[in-house]
Amino acid sequence: MHASQSSPATPALPSQYLTFLLGGETYALGILSIKEIIEYTHMTEVPLMPACIRGVINLRGAVVPVMDLQVRFGQATSAVSKRTCIVIVELPGSEGPHTMGVVVDAVSEVLEIAPQDIEPPPAFGTHIRTDFISGIGKVRGRFVILLEVQRVLDLDELQTLSESLAAAENG
């Protein structure tokens with residue numbers, strides 16, 4: 001067989017994921033949505049934002065909101081350490097792509113996970129909402145929670161949540 005020919009039963013290619021630690025758990029985001037990883041920096045707090053939005057940063061002249069994933073997952077605010085960093089993610093939106101930062105305890109590595117090593121999200125037993133999970137990857141004898149980045153960073157849901165909280169406080 002020549003190099004230019006492919007076999008009819010070509011297996012699905014592995015996907016690459018950035019793994020990181022958050023509250024002692026290993027999570028992963030698909031590498032295609034990640035723009036860069038930056039050092040944790042001071043943020044400007046913005047009034048009336050959902051609790052999971054720590055604030056905004058100036059990223060080369062652009063205002064970028066930064067989410068604390070632990071708070072988004074219903075847990076306590078992440079403690080900042082020397083390994084804490086911000087993963088900059090770009091998501092498609094109805095008005096074009098938007099950029100958001102995500103605070104993580106530490107970035108681990110980029111892994112290739114083959115489709116046959118990814119199980120569907122469990123129905124129960126995780127510390128986060130199951131709709132936030134796209135699957136569970138099996139890597140070197142351990143499990144990695146693959147996040148559904150569009151659901152976790154859903155700005156419309158966050159806006160609705162923020163408005164509901166404001167109405168409850170005023171009502």
# chains A, B, ... in the order shown; residues from 1 in each chain; ligands from 1

$ residues_around --residues "Ile86 of chain A" --least-positions-apart "4" --cutoff "9 Å" --atoms "only C-alpha atoms" --output "ChimeraX atom specification"
/A:36-41,66,101-105

$ write_last_selection --atoms "N, CA and C atoms" --output "PDB file, in the first residue's frame"
ATOM      1  N   GLU A  36      -4.496  30.320  24.990  1.00  0.00           N
ATOM      2  CA  GLU A  36      -3.222  30.422  25.698  1.00  0.00           C
ATOM      3  C   GLU A  36      -3.426  30.182  27.190  1.00  0.00           C
ATOM      4  N   ILE A  37      -2.301  30.078  27.890  1.00  0.00           N
ATOM      5  CA  ILE A  37      -2.301  29.919  29.343  1.00  0.00           C
ATOM      6  C   ILE A  37      -1.446  31.044  29.890  1.00  0.00           C
ATOM      7  N   ILE A  38      -2.000  31.793  30.854  1.00  0.00           N
ATOM      8  CA  ILE A  38      -1.251  32.918  31.415  1.00  0.00           C
ATOM      9  C   ILE A  38      -1.128  32.770  32.933  1.00  0.00           C
ATOM     10  N   GLU A  39      -0.171  33.480  33.472  1.00  0.00           N
ATOM     11  CA  GLU A  39       0.032  33.514  34.911  1.00  0.00           C
ATOM     12  C   GLU A  39      -1.164  34.194  35.569  1.00  0.00           C
ATOM     13  N   TYR A  40      -1.517  33.742  36.771  1.00  0.00           N
ATOM     14  CA  TYR A  40      -2.612  34.369  37.504  1.00  0.00           C
ATOM     15  C   TYR A  40      -2.241  35.824  37.770  1.00  0.00           C
ATOM     16  N   THR A  41      -3.182  36.708  37.542  1.00  0.00           N
ATOM     17  CA  THR A  41      -2.925  38.139  37.679  1.00  0.00           C
ATOM     18  C   THR A  41      -4.082  38.806  38.415  1.00  0.00           C
ATOM     19  N   VAL A  66     -13.147  36.477  33.688  1.00  0.00           N
ATOM     20  CA  VAL A  66     -12.457  35.298  34.210  1.00  0.00           C
ATOM     21  C   VAL A  66     -13.386  34.556  35.165  1.00  0.00           C
ATOM     22  N   GLY A 101     -11.538  33.743  30.378  1.00  0.00           N
ATOM     23  CA  GLY A 101     -10.490  33.101  31.157  1.00  0.00           C
ATOM     24  C   GLY A 101     -11.095  32.164  32.181  1.00  0.00           C
ATOM     25  N   VAL A 102     -10.356  31.122  32.507  1.00  0.00           N
ATOM     26  CA  VAL A 102     -10.795  30.141  33.488  1.00  0.00           C
ATOM     27  C   VAL A 102      -9.658  29.943  34.493  1.00  0.00           C
ATOM     28  N   VAL A 103      -9.947  30.144  35.783  1.00  0.00           N
ATOM     29  CA  VAL A 103      -8.943  29.944  36.832  1.00  0.00           C
ATOM     30  C   VAL A 103      -8.836  28.448  37.127  1.00  0.00           C
ATOM     31  N   VAL A 104      -7.597  27.929  37.096  1.00  0.00           N
ATOM     32  CA  VAL A 104      -7.354  26.528  37.446  1.00  0.00           C
ATOM     33  C   VAL A 104      -6.234  26.482  38.487  1.00  0.00           C
ATOM     34  N   ASP A 105      -6.237  25.426  39.304  1.00  0.00           N
ATOM     35  CA  ASP A 105      -5.214  25.290  40.348  1.00  0.00           C
ATOM     36  C   ASP A 105      -3.829  25.081  39.754  1.00  0.00           C
TER      37      ASP A 105
END

$ residues_around --residues "Gln16 of chain A" --least-positions-apart "3" --cutoff "6 Å" --atoms "only C-alpha atoms" --output "PyMOL selection string"
chain A and resi 31+111-112

$ select_by_dssp --residues "segment 4-166 of chain A" --states "strand (DSSP E or B)" --output "MDAnalysis selection string"
chainID A and resid 15:22 25:30 34:39 44 53:59 62:68 85:91 98:104 106:113 118:119 133:139 142:147

$ residues_around --residues "Val46 of chain A" --least-positions-apart "6" --cutoff "9 Å" --atoms "only C-alpha atoms" --output "number ranges by chain"
A: 53-56

$ closest_residue --among "A:Leu147, A:Gly141, A:Asp154, A:Gly61" --to "Tyr17 of chain A" --atoms "only C-alpha atoms"
A:Leu147

$ residues_around --residues "Glu148 of chain A" --least-positions-apart "6" --cutoff "10 Å" --atoms "only C-alpha atoms" --output "number ranges by chain"
A: 28-30, 130-135

$ select_by_dssp --residues "segment 13-117 of chain A" --states "alpha helix (DSSP H)" --output "list in words"
Leu69, Gln70, Val71 and Arg72 of chain A

$ decode --residues "segment 26-55 of chain A" --atoms "N, CA and C atoms" --output "tab-separated table (two decimals), in the first residue's frame"
chain	number	residue	atom	x	y	z
A	26	THR	N	-8.75	15.90	38.36
A	26	THR	CA	-8.15	16.19	37.05
A	26	THR	C	-9.26	16.38	36.03
A	27	TYR	N	-9.23	17.52	35.36
A	27	TYR	CA	-10.20	17.86	34.33
A	27	TYR	C	-9.45	18.10	33.03
A	28	ALA	N	-10.19	18.15	31.93
A	28	ALA	CA	-9.56	18.43	30.65
A	28	ALA	C	-10.50	19.23	29.76
A	29	LEU	N	-9.90	20.08	28.92
A	29	LEU	CA	-10.61	20.84	27.89
A	29	LEU	C	-9.98	20.49	26.55
A	30	GLY	N	-10.81	20.40	25.53
A	30	GLY	CA	-10.30	20.17	24.18
A	30	GLY	C	-9.34	21.28	23.80
A	31	ILE	N	-8.20	20.93	23.25
A	31	ILE	CA	-7.15	21.89	22.96
A	31	ILE	C	-7.56	22.91	21.90
A	32	LEU	N	-8.51	22.57	21.03
A	32	LEU	CA	-8.90	23.47	19.96
A	32	LEU	C	-9.56	24.76	20.45
A	33	SER	N	-10.16	24.72	21.65
A	33	SER	CA	-10.81	25.93	22.18
A	33	SER	C	-9.86	26.79	23.01
A	34	ILE	N	-8.64	26.32	23.25
A	34	ILE	CA	-7.71	27.04	24.12
A	34	ILE	C	-6.79	27.94	23.30
A	35	LYS	N	-6.76	29.22	23.69
A	35	LYS	CA	-5.89	30.19	23.01
A	35	LYS	C	-4.51	30.25	23.66
A	36	GLU	N	-4.50	30.32	24.99
A	36	GLU	CA	-3.22	30.42	25.70
A	36	GLU	C	-3.43	30.18	27.19
A	37	ILE	N	-2.30	30.08	27.89
A	37	ILE	CA	-2.30	29.92	29.34
A	37	ILE	C	-1.45	31.04	29.89
A	38	ILE	N	-2.00	31.79	30.85
A	38	ILE	CA	-1.25	32.92	31.41
A	38	ILE	C	-1.13	32.77	32.93
A	39	GLU	N	-0.17	33.48	33.47
A	39	GLU	CA	0.03	33.51	34.91
A	39	GLU	C	-1.16	34.19	35.57
A	40	TYR	N	-1.52	33.74	36.77
A	40	TYR	CA	-2.61	34.37	37.50
A	40	TYR	C	-2.24	35.82	37.77
A	41	THR	N	-3.18	36.71	37.54
A	41	THR	CA	-2.93	38.14	37.68
A	41	THR	C	-4.08	38.81	38.42
A	42	HIS	N	-3.85	40.04	38.81
A	42	HIS	CA	-4.90	40.82	39.48
A	42	HIS	C	-6.09	41.01	38.54
A	43	MET	N	-7.28	40.94	39.10
A	43	MET	CA	-8.50	41.14	38.33
A	43	MET	C	-9.28	42.31	38.87
A	44	THR	N	-10.02	42.94	37.98
A	44	THR	CA	-10.93	44.01	38.36
A	44	THR	C	-12.29	43.40	38.59
A	45	GLU	N	-12.82	43.57	39.79
A	45	GLU	CA	-14.15	43.03	40.07
A	45	GLU	C	-15.21	43.89	39.38
A	46	VAL	N	-16.25	43.23	38.91
A	46	VAL	CA	-17.34	43.91	38.22
A	46	VAL	C	-18.61	43.68	39.04
A	47	PRO	N	-19.30	44.75	39.44
A	47	PRO	CA	-20.53	44.59	40.24
A	47	PRO	C	-21.61	43.83	39.48
A	48	LEU	N	-22.47	43.16	40.23
A	48	LEU	CA	-23.65	42.45	39.73
A	48	LEU	C	-23.33	41.31	38.76
A	49	MET	N	-22.15	40.74	38.87
A	49	MET	CA	-21.81	39.57	38.06
A	49	MET	C	-22.11	38.32	38.89
A	50	PRO	N	-22.34	37.20	38.22
A	50	PRO	CA	-22.53	35.95	38.97
A	50	PRO	C	-21.29	35.67	39.83
A	51	ALA	N	-21.48	34.97	40.94
A	51	ALA	CA	-20.39	34.71	41.88
A	51	ALA	C	-19.22	33.98	41.23
A	52	CYS	N	-19.49	33.19	40.19
A	52	CYS	CA	-18.41	32.42	39.57
A	52	CYS	C	-17.51	33.26	38.67
A	53	ILE	N	-17.90	34.51	38.40
A	53	ILE	CA	-17.04	35.40	37.62
A	53	ILE	C	-16.19	36.20	38.60
A	54	ARG	N	-14.89	35.91	38.64
A	54	ARG	CA	-13.99	36.57	39.59
A	54	ARG	C	-13.77	38.02	39.24
A	55	GLY	N	-13.84	38.35	37.96
A	55	GLY	CA	-13.60	39.70	37.50
A	55	GLY	C	-13.18	39.70	36.06
